[in-house]
Structure formats: structure tokens, C-alpha cells
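For reference, run-v4.pdb is printed below; it contains PDB, C-alpha atoms.
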```pdb
ATOM      1  CA  MET H   1      -8.698  10.507  43.056
ATOM      2  CA  ARG H   2      -7.988  13.809  41.360
ATOM      3  CA  SER H   3      -4.239  13.157  41.216
ATOM      4  CA  ALA H   4      -4.885   9.729  39.650
ATOM      5  CA  VAL H   5      -6.972  11.357  36.922
ATOM      6  CA  LEU H   6      -4.305  14.003  36.311
ATOM      7  CA  THR H   7      -1.627  11.311  36.163
ATOM      8  CA  ALA H   8      -3.702   9.303  33.676
ATOM      9  CA  VAL H   9      -4.264  12.366  31.479
ATOM     10  CA  HIS H  10      -0.554  13.219  31.648
ATOM     11  CA  LEU H  11       0.361   9.649  30.703
ATOM     12  CA  LEU H  12      -2.061   9.748  27.786
ATOM     13  CA  LEU H  13      -0.529  12.985  26.503
ATOM     14  CA  VAL H  14       2.967  11.484  26.742
ATOM     15  CA  LEU H  15       1.830   8.401  24.799
ATOM     16  CA  VAL H  16       0.281  10.558  22.075
ATOM     17  CA  TYR H  17       3.514  12.559  21.830
ATOM     18  CA  VAL H  18       5.648   9.394  21.622
ATOM     19  CA  GLN H  19       3.366   7.917  18.945
ATOM     20  CA  ASP H  20       3.549  11.125  16.876
ATOM     21  CA  ALA H  21       7.340  11.227  17.234
ATOM     22  CA  ALA H  22       7.605   7.585  16.121
ATOM     23  CA  ALA H  23       5.373   8.281  13.098
ATOM     24  CA  ASP H  24       7.551  11.283  12.183
ATOM     25  CA  ASP H  25      10.650   9.071  12.488
ATOM     26  CA  VAL H  26       9.155   6.481  10.113
ATOM     27  CA  THR H  27       8.231   9.233   7.638
ATOM     28  CA  GLU H  28      11.770  10.626   7.767
ATOM     29  CA  ARG H  29      13.251   7.146   7.209
ATOM     30  CA  VAL H  30      10.948   6.596   4.226
ATOM     31  CA  ARG H  31      11.824  10.036   2.827
ATOM     32  CA  TYR H  32      15.564   9.323   3.175
ATOM     33  CA  ASN H  33      15.330   5.810   1.682
ATOM     34  CA  CYS H  34      13.207   7.004  -1.230
ATOM     35  CA  LYS H  35      15.661   9.768  -2.028
ATOM     36  CA  THR H  36      18.869   7.745  -1.687
ATOM     37  CA  LEU H  37      18.054   4.055  -2.236
ATOM     38  CA  TYR H  38      14.966   4.188  -4.473
ATOM     39  CA  PRO H  39      15.090   7.415  -6.480
ATOM     40  CA  ALA H  40      12.363   8.073  -9.031
ATOM     41  CA  LYS H  41      13.217   6.790 -12.511
ATOM     42  CA  PRO H  42      10.680   8.280 -14.929
ATOM     43  CA  CYS H  43       9.259   6.181 -17.756
ATOM     44  CA  GLY H  44       7.261   9.133 -19.102
ATOM     45  CA  ASP H  45       3.744  10.517 -18.630
ATOM     46  CA  GLY H  46       3.802  10.106 -14.821
ATOM     47  CA  TRP H  47       4.943   6.459 -14.882
ATOM     48  CA  TYR H  48       8.025   5.378 -12.889
ATOM     49  CA  GLN H  49      10.190   2.299 -13.115
ATOM     50  CA  ILE H  50       9.661  -0.272 -10.324
ATOM     51  CA  ASP H  51      11.747  -3.098 -11.817
ATOM     52  CA  ILE H  52      13.632  -3.713 -15.044
ATOM     53  CA  TYR H  53      10.458  -4.708 -16.893
ATOM     54  CA  ARG H  54       7.685  -2.565 -15.416
ATOM     55  CA  CYS H  55       6.653   1.004 -14.775
ATOM     56  CA  ALA H  56       3.978   2.080 -12.305
ATOM     57  CA  LYS H  57       1.776   5.114 -11.757
ATOM     58  CA  TYR H  58      -0.177   6.384  -8.734
ATOM     59  CA  PHE H  59      -3.715   7.440  -9.658
ATOM     60  CA  TRP H  60      -5.493  10.253  -7.806
ATOM     61  CA  THR H  61      -9.002   9.049  -8.591
ATOM     62  CA  ARG H  62     -10.815   7.021  -5.940
ATOM     63  CA  ARG H  63     -12.268   3.846  -7.456
ATOM     64  CA  THR H  64     -13.495   0.458  -6.370
ATOM     65  CA  PHE H  65     -11.009  -2.386  -6.750
ATOM     66  CA  ARG H  66     -12.744  -3.642  -9.908
ATOM     67  CA  ASP H  67     -12.959  -0.186 -11.506
ATOM     68  CA  ALA H  68      -9.315   0.520 -10.654
ATOM     69  CA  ASP H  69      -8.160  -2.765 -12.170
ATOM     70  CA  ASN H  70     -10.323  -2.184 -15.265
ATOM     71  CA  ASN H  71      -8.721   1.241 -15.709
ATOM     72  CA  CYS H  72      -5.256  -0.334 -15.381
ATOM     73  CA  ARG H  73      -6.210  -2.896 -18.046
ATOM     74  CA  ARG H  74      -7.340  -0.081 -20.380
ATOM     75  CA  LEU H  75      -3.819   1.298 -19.948
ATOM     76  CA  ARG H  76      -2.316  -2.117 -20.895
ATOM     77  CA  GLY H  77      -1.507  -3.084 -17.302
ATOM     78  CA  HIS H  78      -2.921  -4.312 -13.990
ATOM     79  CA  LEU H  79      -3.068  -3.128 -10.432
ATOM     80  CA  VAL H  80       0.506  -3.352  -9.178
ATOM     81  CA  SER H  81       2.009  -6.634  -7.987
ATOM     82  CA  MET H  82       5.160  -6.893  -5.873
ATOM     83  CA  HIS H  83       7.472  -9.892  -5.819
ATOM     84  CA  ASN H  84      10.360  -8.837  -3.588
ATOM     85  CA  ALA H  85      11.488  -6.165  -1.136
ATOM     86  CA  GLN H  86      12.957  -3.958  -3.861
ATOM     87  CA  GLU H  87       9.723  -3.802  -5.878
ATOM     88  CA  TYR H  88       7.783  -3.224  -2.653
ATOM     89  CA  SER H  89      10.104  -0.343  -1.750
ATOM     90  CA  GLN H  90       9.763   1.168  -5.226
ATOM     91  CA  VAL H  91       5.950   1.090  -4.922
ATOM     92  CA  LEU H  92       6.092   2.504  -1.384
ATOM     93  CA  CYS H  93       8.330   5.346  -2.571
ATOM     94  CA  LEU H  94       6.114   5.987  -5.593
ATOM     95  CA  ALA H  95       3.117   6.346  -3.259
ATOM     96  CA  PHE H  96       5.095   8.473  -0.787
ATOM     97  CA  ARG H  97       6.195  10.902  -3.505
ATOM     98  CA  ALA H  98       2.648  11.101  -4.883
ATOM     99  CA  ASN H  99       0.725  11.381  -1.609
ATOM    100  CA  LYS H 100       2.390  12.278   1.675
ATOM    101  CA  LEU H 101      -0.965  11.999   3.474
ATOM    102  CA  LYS H 102      -0.496   8.224   3.490
ATOM    103  CA  ASP H 103      -3.931   7.477   2.060
ATOM    104  CA  HIS H 104      -4.750   3.810   1.545
ATOM    105  CA  PHE H 105      -4.544   2.615  -2.048
ATOM    106  CA  TRP H 106      -5.370  -0.538  -3.963
ATOM    107  CA  ILE H 107      -2.679  -2.959  -5.037
ATOM    108  CA  GLY H 108      -3.329  -5.942  -7.297
ATOM    109  CA  ALA H 109      -3.867  -8.678  -4.699
ATOM    110  CA  ARG H 110      -7.214 -10.351  -4.172
ATOM    111  CA  SER H 111      -8.369 -13.498  -2.407
ATOM    112  CA  LYS H 112     -10.097 -16.248  -4.312
ATOM    113  CA  TYR H 113     -12.546 -18.505  -2.480
ATOM    114  CA  LEU H 114     -10.499 -18.796   0.741
ATOM    115  CA  TRP H 115      -9.706 -15.733   2.849
ATOM    116  CA  HIS H 116      -6.031 -16.663   3.143
ATOM    117  CA  SER H 117      -5.410 -17.577  -0.507
ATOM    118  CA  PHE H 118      -4.398 -14.408  -2.342
ATOM    119  CA  ARG H 119      -3.500 -13.918  -6.007
ATOM    120  CA  TRP H 120      -2.166 -11.054  -8.085
ATOM    121  CA  THR H 121      -4.498  -9.739 -10.795
ATOM    122  CA  ASP H 122      -1.647 -10.055 -13.324
ATOM    123  CA  ASN H 123      -1.490 -13.820 -12.567
ATOM    124  CA  THR H 124       2.112 -13.710 -11.328
ATOM    125  CA  PRO H 125       2.999 -15.861  -8.277
ATOM    126  CA  PHE H 126       1.921 -14.493  -4.893
ATOM    127  CA  GLU H 127       5.119 -15.271  -3.008
ATOM    128  CA  PHE H 128       5.859 -11.915  -1.332
ATOM    129  CA  GLU H 129       3.746 -10.146   1.289
ATOM    130  CA  ARG H 130       3.863  -7.284   3.785
ATOM    131  CA  TRP H 131       0.756  -7.745   5.945
ATOM    132  CA  ALA H 132       0.050  -5.480   8.888
ATOM    133  CA  PHE H 133      -0.141  -7.103  12.312
ATOM    134  CA  PHE H 134      -3.132  -9.503  12.532
ATOM    135  CA  GLN H 135      -3.759  -9.189   8.783
ATOM    136  CA  PRO H 136      -5.219 -10.587   6.688
ATOM    137  CA  ASP H 137      -8.149 -11.078   9.004
ATOM    138  CA  ARG H 138     -11.332 -13.033   8.499
ATOM    139  CA  GLU H 139     -13.717 -10.111   8.138
ATOM    140  CA  HIS H 140     -16.585 -10.992   5.831
ATOM    141  CA  GLY H 141     -16.272  -9.561   2.337
ATOM    142  CA  GLU H 142     -12.685  -8.313   2.688
ATOM    143  CA  GLU H 143     -11.301  -9.929  -0.458
ATOM    144  CA  CYS H 144      -9.141  -7.136  -1.905
ATOM    145  CA  VAL H 145      -5.839  -5.745  -0.661
ATOM    146  CA  GLU H 146      -4.950  -2.165   0.164
ATOM    147  CA  MET H 147      -1.523  -0.804   1.018
ATOM    148  CA  ASN H 148      -0.532   1.828   3.556
ATOM    149  CA  TYR H 149      -2.580   0.351   6.354
ATOM    150  CA  GLU H 150      -2.014   1.421   9.977
ATOM    151  CA  THR H 151       1.783   1.506   9.787
ATOM    152  CA  TRP H 152       3.153   3.165   6.663
ATOM    153  CA  GLY H 153       3.370   0.668   3.817
ATOM    154  CA  TYR H 154       1.734  -2.423   5.265
ATOM    155  CA  TRP H 155      -1.122  -4.370   3.701
ATOM    156  CA  ASN H 156      -4.685  -5.057   4.794
ATOM    157  CA  ASN H 157      -7.501  -7.027   3.241
ATOM    158  CA  ALA H 158     -10.454  -4.710   2.629
ATOM    159  CA  VAL H 159     -13.935  -4.661   1.109
ATOM    160  CA  CYS H 160     -13.529  -4.399  -2.674
ATOM    161  CA  SER H 161     -16.382  -1.906  -3.089
ATOM    162  CA  GLY H 162     -14.513   0.754  -1.087
ATOM    163  CA  LYS H 163     -13.199   3.623  -3.182
ATOM    164  CA  LYS H 164      -9.474   4.245  -2.907
ATOM    165  CA  TYR H 165      -6.588   5.636  -4.895
ATOM    166  CA  TYR H 166      -4.611   2.957  -6.729
ATOM    167  CA  VAL H 167      -1.334   2.060  -8.414
ATOM    168  CA  CYS H 168      -1.160   0.486 -11.863
ATOM    169  CA  ALA H 169       1.846  -1.282 -13.342
ATOM    170  CA  ARG H 170       2.580  -2.152 -16.960
ATOM    171  CA  ARG H 171       5.495  -3.396 -19.052
ATOM    172  CA  SER H 172       7.950  -0.643 -19.843
TER     173      SER H 172
END
```
Could the structure of this file be written out as C-alpha cells, please?
Amino acid sequence: MRSAVLTAVHLLLVLVYVQDAAADDVTERVRYNCKTLYPAKPCGDGWYQIDIYRCAKYFWTRRTFRDADNNCRRLRGHLVSMHNAQEYSQVLCLAFRANKLKDHFWIGARSKYLWHSFRWTDNTPFEFERWAFFQPDREHGEECVEMNYETWGYWNNAVCSGKKYYVCARRS
């Protein structure tokens, strides 16, 4: 019995090590891609270009989804929307450069009426997504979308009243 327990503990330690090594590998890949493929292109005052028309900024104040979007609107923008892999990668790199702790942050997607029908707060088409495995789920009240869930950069539907960092985007 004792050897079975020791074997189980040893196996658990190996799994923890492998998981940490895999997480470090993902972080290194993101760091490399952000430096070489998606370098920061400043727009001024902490804003960075994410496509040819828009600049985005990572905000270090935790706010509810509504308060975050209202602050973005005061700055002539919205919570960030992403429409293709390049914009997604620019936002991921923006967040990575701003916060290497991988904290969850609000993006501009929200469900309306049906849990699986999401829209961007800037009213652009919701045709691109990067959901985490088994997301979005049907948890009651999870109508807003956060990024950097579980695996670095994936999306999760979350309760809108939670306070998180956020990324705004506006026309450049």
C-alpha cells in the first residue's frame, strides 16, 4: 500500500512538472511571436496599433464589464473586438507586454438573450472566436467575455459584474 501511495505522489509531481514546463513553453512562444511577428507599434499615450484603423490600450484598473465599456466610450472607443487571427494576436501581445501574470481581462463581446449568441459592443460582426475548451458554457449569468482564460489567450464567458482589467480599442 505504501509503495502505491509513493508511486501516486511521484506521478503527481511529474505531472505538475510537465504542466509547468508546457506553460513555460507557451509563454516563450508568445514572447517570441510578440517580439518578431507582432511588435508593438505605438499610437501615442500608451495606445498601440492592432490593425490599420484601430489602436488599443490595456487598462490596469479592475472594473465591471459595463464600467470598463463606459470608460472606453469616454475615450471615444469600445472594449476591443477582434475579427481575425492577426487582430487577436495583436491584442494577445498587447496584454502579454502589459501584464505577464496572465490576468483575465474584458474584451468587447457579450451575449444577448441567448447564451450562444454573442455580439461585439462596437456592433461589428461577431465572426471570429477563440473559445477555451467547453466554452462558452451555459452557466447562469455569464453573459460577458473575458480573455486569457485557462490556456493563455483563450476566451470564456463570465459574470459581467466581476471586476477585471480590460482592453479598449478606438480609431487611430
Neighbour list for Asp103 of chain H as a count of residues only, cut-off 8 Å, all atoms listed in the file, skip fewer than 3 positions in-chain: 4
Å distance separating atom CA of Trp155 of chain H from atom CA of Tyr53 of chain H, one decimal place: 23.6 Å
Within 10 Å of Gln86 of chain H using all atoms listed in the file, minus same-chain residues under 2 positions, as a ChimeraX atom specification: /H:37-38,50-51,82-84,88-92
Do you know which residues the PyMOL selection byres ((chain H and resi 119) around 12) returns on this file, as a compact mmCIF listing (two decimals) with C-alpha atoms, in the coordinates of the input?
```
# COMPACT_ATOMS: atom_id res chain seq x y z
CA LEU H 79 -3.07 -3.13 -10.43
CA VAL H 80 0.51 -3.35 -9.18
CA SER H 81 2.01 -6.63 -7.99
CA MET H 82 5.16 -6.89 -5.87
CA HIS H 83 7.47 -9.89 -5.82
CA ILE H 107 -2.68 -2.96 -5.04
CA GLY H 108 -3.33 -5.94 -7.30
CA ALA H 109 -3.87 -8.68 -4.70
CA ARG H 110 -7.21 -10.35 -4.17
CA SER H 111 -8.37 -13.50 -2.41
CA LYS H 112 -10.10 -16.25 -4.31
CA TYR H 113 -12.55 -18.50 -2.48
CA LEU H 114 -10.50 -18.80 0.74
CA TRP H 115 -9.71 -15.73 2.85
CA HIS H 116 -6.03 -16.66 3.14
CA SER H 117 -5.41 -17.58 -0.51
CA PHE H 118 -4.40 -14.41 -2.34
CA TRP H 120 -2.17 -11.05 -8.09
CA THR H 121 -4.50 -9.74 -10.80
CA ASP H 122 -1.65 -10.06 -13.32
CA ASN H 123 -1.49 -13.82 -12.57
CA THR H 124 2.11 -13.71 -11.33
CA PRO H 125 3.00 -15.86 -8.28
CA PHE H 126 1.92 -14.49 -4.89
CA GLU H 127 5.12 -15.27 -3.01
CA PHE H 128 5.86 -11.92 -1.33
CA GLU H 129 3.75 -10.15 1.29
CA GLU H 143 -11.30 -9.93 -0.46
CA CYS H 144 -9.14 -7.14 -1.90
CA VAL H 145 -5.84 -5.74 -0.66
```
Point (3.4, 8.6, 0.5) neighbourhood (9 Å, only C-alpha atoms) written as JSON, numbers by chain: {"H": [27, 30, 31, 92, 93, 94, 95, 96, 97, 98, 99, 100, 101, 102, 103, 148, 152, 153]}
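In this model, the gap between atom CA of Asp137 of chain H and atom CA of Phe65 of chain H comes to 18.2 Å.
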Output of the PyMOL selection byres ((chain H and resi 170) around 9), listed as a ChimeraX atom specification: /H:53-57,72-73,75-80,168-169,171-172
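For the atom pair formed by atom CA of Gln135 of chain H and atom CA of Met147 of chain H, the distance is 11.6 Å, given to one decimal.
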Output file request: segment 40-64 of chain H, with N, CA, C and O atoms, as a PDB file, in the first residue's frame.
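Resulting contents of result_20.pdb:
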```pdb
ATOM      1  N   ALA H  40       5.256  45.826 -31.046  1.00  0.00           N
ATOM      2  CA  ALA H  40       4.437  46.961 -30.619  1.00  0.00           C
ATOM      3  C   ALA H  40       4.630  48.136 -31.575  1.00  0.00           C
ATOM      4  O   ALA H  40       5.752  48.499 -31.910  1.00  0.00           O
ATOM      5  N   LYS H  41       3.505  48.701 -32.016  1.00  0.00           N
ATOM      6  CA  LYS H  41       3.522  49.883 -32.881  1.00  0.00           C
ATOM      7  C   LYS H  41       2.755  50.977 -32.156  1.00  0.00           C
ATOM      8  O   LYS H  41       1.527  51.021 -32.213  1.00  0.00           O
ATOM      9  N   PRO H  42       3.477  51.854 -31.450  1.00  0.00           N
ATOM     10  CA  PRO H  42       2.810  52.878 -30.639  1.00  0.00           C
ATOM     11  C   PRO H  42       1.968  53.851 -31.452  1.00  0.00           C
ATOM     12  O   PRO H  42       2.343  54.258 -32.539  1.00  0.00           O
ATOM     13  N   CYS H  43       0.820  54.189 -30.886  1.00  0.00           N
ATOM     14  CA  CYS H  43      -0.057  55.235 -31.437  1.00  0.00           C
ATOM     15  C   CYS H  43       0.042  56.493 -30.581  1.00  0.00           C
ATOM     16  O   CYS H  43      -0.535  57.514 -30.918  1.00  0.00           O
ATOM     17  N   GLY H  44       0.708  56.383 -29.436  1.00  0.00           N
ATOM     18  CA  GLY H  44       0.836  57.503 -28.509  1.00  0.00           C
ATOM     19  C   GLY H  44       0.020  57.306 -27.257  1.00  0.00           C
ATOM     20  O   GLY H  44      -1.017  56.648 -27.279  1.00  0.00           O
ATOM     21  N   ASP H  45       0.508  57.824 -26.139  1.00  0.00           N
ATOM     22  CA  ASP H  45      -0.193  57.811 -24.855  1.00  0.00           C
ATOM     23  C   ASP H  45      -0.586  56.403 -24.393  1.00  0.00           C
ATOM     24  O   ASP H  45      -1.662  56.200 -23.837  1.00  0.00           O
ATOM     25  N   GLY H  46       0.262  55.406 -24.667  1.00  0.00           N
ATOM     26  CA  GLY H  46       0.009  54.041 -24.200  1.00  0.00           C
ATOM     27  C   GLY H  46      -0.886  53.213 -25.108  1.00  0.00           C
ATOM     28  O   GLY H  46      -1.211  52.080 -24.785  1.00  0.00           O
ATOM     29  N   TRP H  47      -1.305  53.770 -26.229  1.00  0.00           N
ATOM     30  CA  TRP H  47      -2.132  53.051 -27.208  1.00  0.00           C
ATOM     31  C   TRP H  47      -1.218  52.431 -28.255  1.00  0.00           C
ATOM     32  O   TRP H  47      -0.200  53.016 -28.624  1.00  0.00           O
ATOM     33  N   TYR H  48      -1.617  51.228 -28.759  1.00  0.00           N
ATOM     34  CA  TYR H  48      -0.821  50.503 -29.742  1.00  0.00           C
ATOM     35  C   TYR H  48      -1.708  50.020 -30.885  1.00  0.00           C
ATOM     36  O   TYR H  48      -2.834  49.574 -30.663  1.00  0.00           O
ATOM     37  N   GLN H  49      -1.163  50.076 -32.067  1.00  0.00           N
ATOM     38  CA  GLN H  49      -1.911  49.693 -33.261  1.00  0.00           C
ATOM     39  C   GLN H  49      -2.219  48.195 -33.256  1.00  0.00           C
ATOM     40  O   GLN H  49      -1.343  47.374 -32.989  1.00  0.00           O
ATOM     41  N   ILE H  50      -3.501  47.844 -33.537  1.00  0.00           N
ATOM     42  CA  ILE H  50      -3.880  46.430 -33.645  1.00  0.00           C
ATOM     43  C   ILE H  50      -4.364  46.086 -35.054  1.00  0.00           C
ATOM     44  O   ILE H  50      -4.472  44.907 -35.397  1.00  0.00           O
ATOM     45  N   ASP H  51      -4.691  47.087 -35.844  1.00  0.00           N
ATOM     46  CA  ASP H  51      -4.983  46.910 -37.267  1.00  0.00           C
ATOM     47  C   ASP H  51      -4.759  48.264 -37.934  1.00  0.00           C
ATOM     48  O   ASP H  51      -4.333  49.219 -37.267  1.00  0.00           O
ATOM     49  N   ILE H  52      -5.047  48.374 -39.206  1.00  0.00           N
ATOM     50  CA  ILE H  52      -4.712  49.635 -39.883  1.00  0.00           C
ATOM     51  C   ILE H  52      -5.603  50.792 -39.463  1.00  0.00           C
ATOM     52  O   ILE H  52      -5.265  51.941 -39.693  1.00  0.00           O
ATOM     53  N   TYR H  53      -6.730  50.484 -38.827  1.00  0.00           N
ATOM     54  CA  TYR H  53      -7.675  51.535 -38.439  1.00  0.00           C
ATOM     55  C   TYR H  53      -7.747  51.804 -36.936  1.00  0.00           C
ATOM     56  O   TYR H  53      -8.278  52.825 -36.541  1.00  0.00           O
ATOM     57  N   ARG H  54      -7.283  50.857 -36.117  1.00  0.00           N
ATOM     58  CA  ARG H  54      -7.528  50.980 -34.680  1.00  0.00           C
ATOM     59  C   ARG H  54      -6.269  50.838 -33.840  1.00  0.00           C
ATOM     60  O   ARG H  54      -5.356  50.102 -34.181  1.00  0.00           O
ATOM     61  N   CYS H  55      -6.318  51.509 -32.699  1.00  0.00           N
ATOM     62  CA  CYS H  55      -5.308  51.380 -31.659  1.00  0.00           C
ATOM     63  C   CYS H  55      -5.998  50.857 -30.405  1.00  0.00           C
ATOM     64  O   CYS H  55      -7.195  51.077 -30.212  1.00  0.00           O
ATOM     65  N   ALA H  56      -5.242  50.174 -29.571  1.00  0.00           N
ATOM     66  CA  ALA H  56      -5.803  49.591 -28.348  1.00  0.00           C
ATOM     67  C   ALA H  56      -4.885  49.882 -27.168  1.00  0.00           C
ATOM     68  O   ALA H  56      -3.695  50.141 -27.335  1.00  0.00           O
ATOM     69  N   LYS H  57      -5.484  49.824 -25.978  1.00  0.00           N
ATOM     70  CA  LYS H  57      -4.730  50.084 -24.747  1.00  0.00           C
ATOM     71  C   LYS H  57      -5.213  49.138 -23.659  1.00  0.00           C
ATOM     72  O   LYS H  57      -6.419  48.911 -23.509  1.00  0.00           O
ATOM     73  N   TYR H  58      -4.275  48.600 -22.894  1.00  0.00           N
ATOM     74  CA  TYR H  58      -4.560  47.727 -21.751  1.00  0.00           C
ATOM     75  C   TYR H  58      -4.696  48.616 -20.519  1.00  0.00           C
ATOM     76  O   TYR H  58      -3.821  49.439 -20.240  1.00  0.00           O
ATOM     77  N   PHE H  59      -5.791  48.469 -19.796  1.00  0.00           N
ATOM     78  CA  PHE H  59      -6.035  49.297 -18.612  1.00  0.00           C
ATOM     79  C   PHE H  59      -5.855  48.484 -17.333  1.00  0.00           C
ATOM     80  O   PHE H  59      -6.412  47.407 -17.193  1.00  0.00           O
ATOM     81  N   TRP H  60      -5.072  49.075 -16.408  1.00  0.00           N
ATOM     82  CA  TRP H  60      -4.706  48.431 -15.149  1.00  0.00           C
ATOM     83  C   TRP H  60      -5.672  48.738 -14.010  1.00  0.00           C
ATOM     84  O   TRP H  60      -5.301  48.678 -12.853  1.00  0.00           O
ATOM     85  N   THR H  61      -6.881  49.066 -14.321  1.00  0.00           N
ATOM     86  CA  THR H  61      -7.903  49.297 -13.303  1.00  0.00           C
ATOM     87  C   THR H  61      -8.931  48.196 -13.440  1.00  0.00           C
ATOM     88  O   THR H  61      -9.433  47.955 -14.540  1.00  0.00           O
ATOM     89  N   ARG H  62      -9.250  47.522 -12.353  1.00  0.00           N
ATOM     90  CA  ARG H  62     -10.259  46.455 -12.408  1.00  0.00           C
ATOM     91  C   ARG H  62     -11.648  47.097 -12.380  1.00  0.00           C
ATOM     92  O   ARG H  62     -11.946  47.882 -11.480  1.00  0.00           O
ATOM     93  N   ARG H  63     -12.455  46.746 -13.376  1.00  0.00           N
ATOM     94  CA  ARG H  63     -13.815  47.286 -13.480  1.00  0.00           C
ATOM     95  C   ARG H  63     -14.773  46.189 -13.912  1.00  0.00           C
ATOM     96  O   ARG H  63     -14.359  45.192 -14.476  1.00  0.00           O
ATOM     97  N   THR H  64     -16.053  46.430 -13.659  1.00  0.00           N
ATOM     98  CA  THR H  64     -17.067  45.537 -14.211  1.00  0.00           C
ATOM     99  C   THR H  64     -17.075  45.730 -15.726  1.00  0.00           C
ATOM    100  O   THR H  64     -16.543  46.717 -16.248  1.00  0.00           O
TER     101      THR H  64
END
```
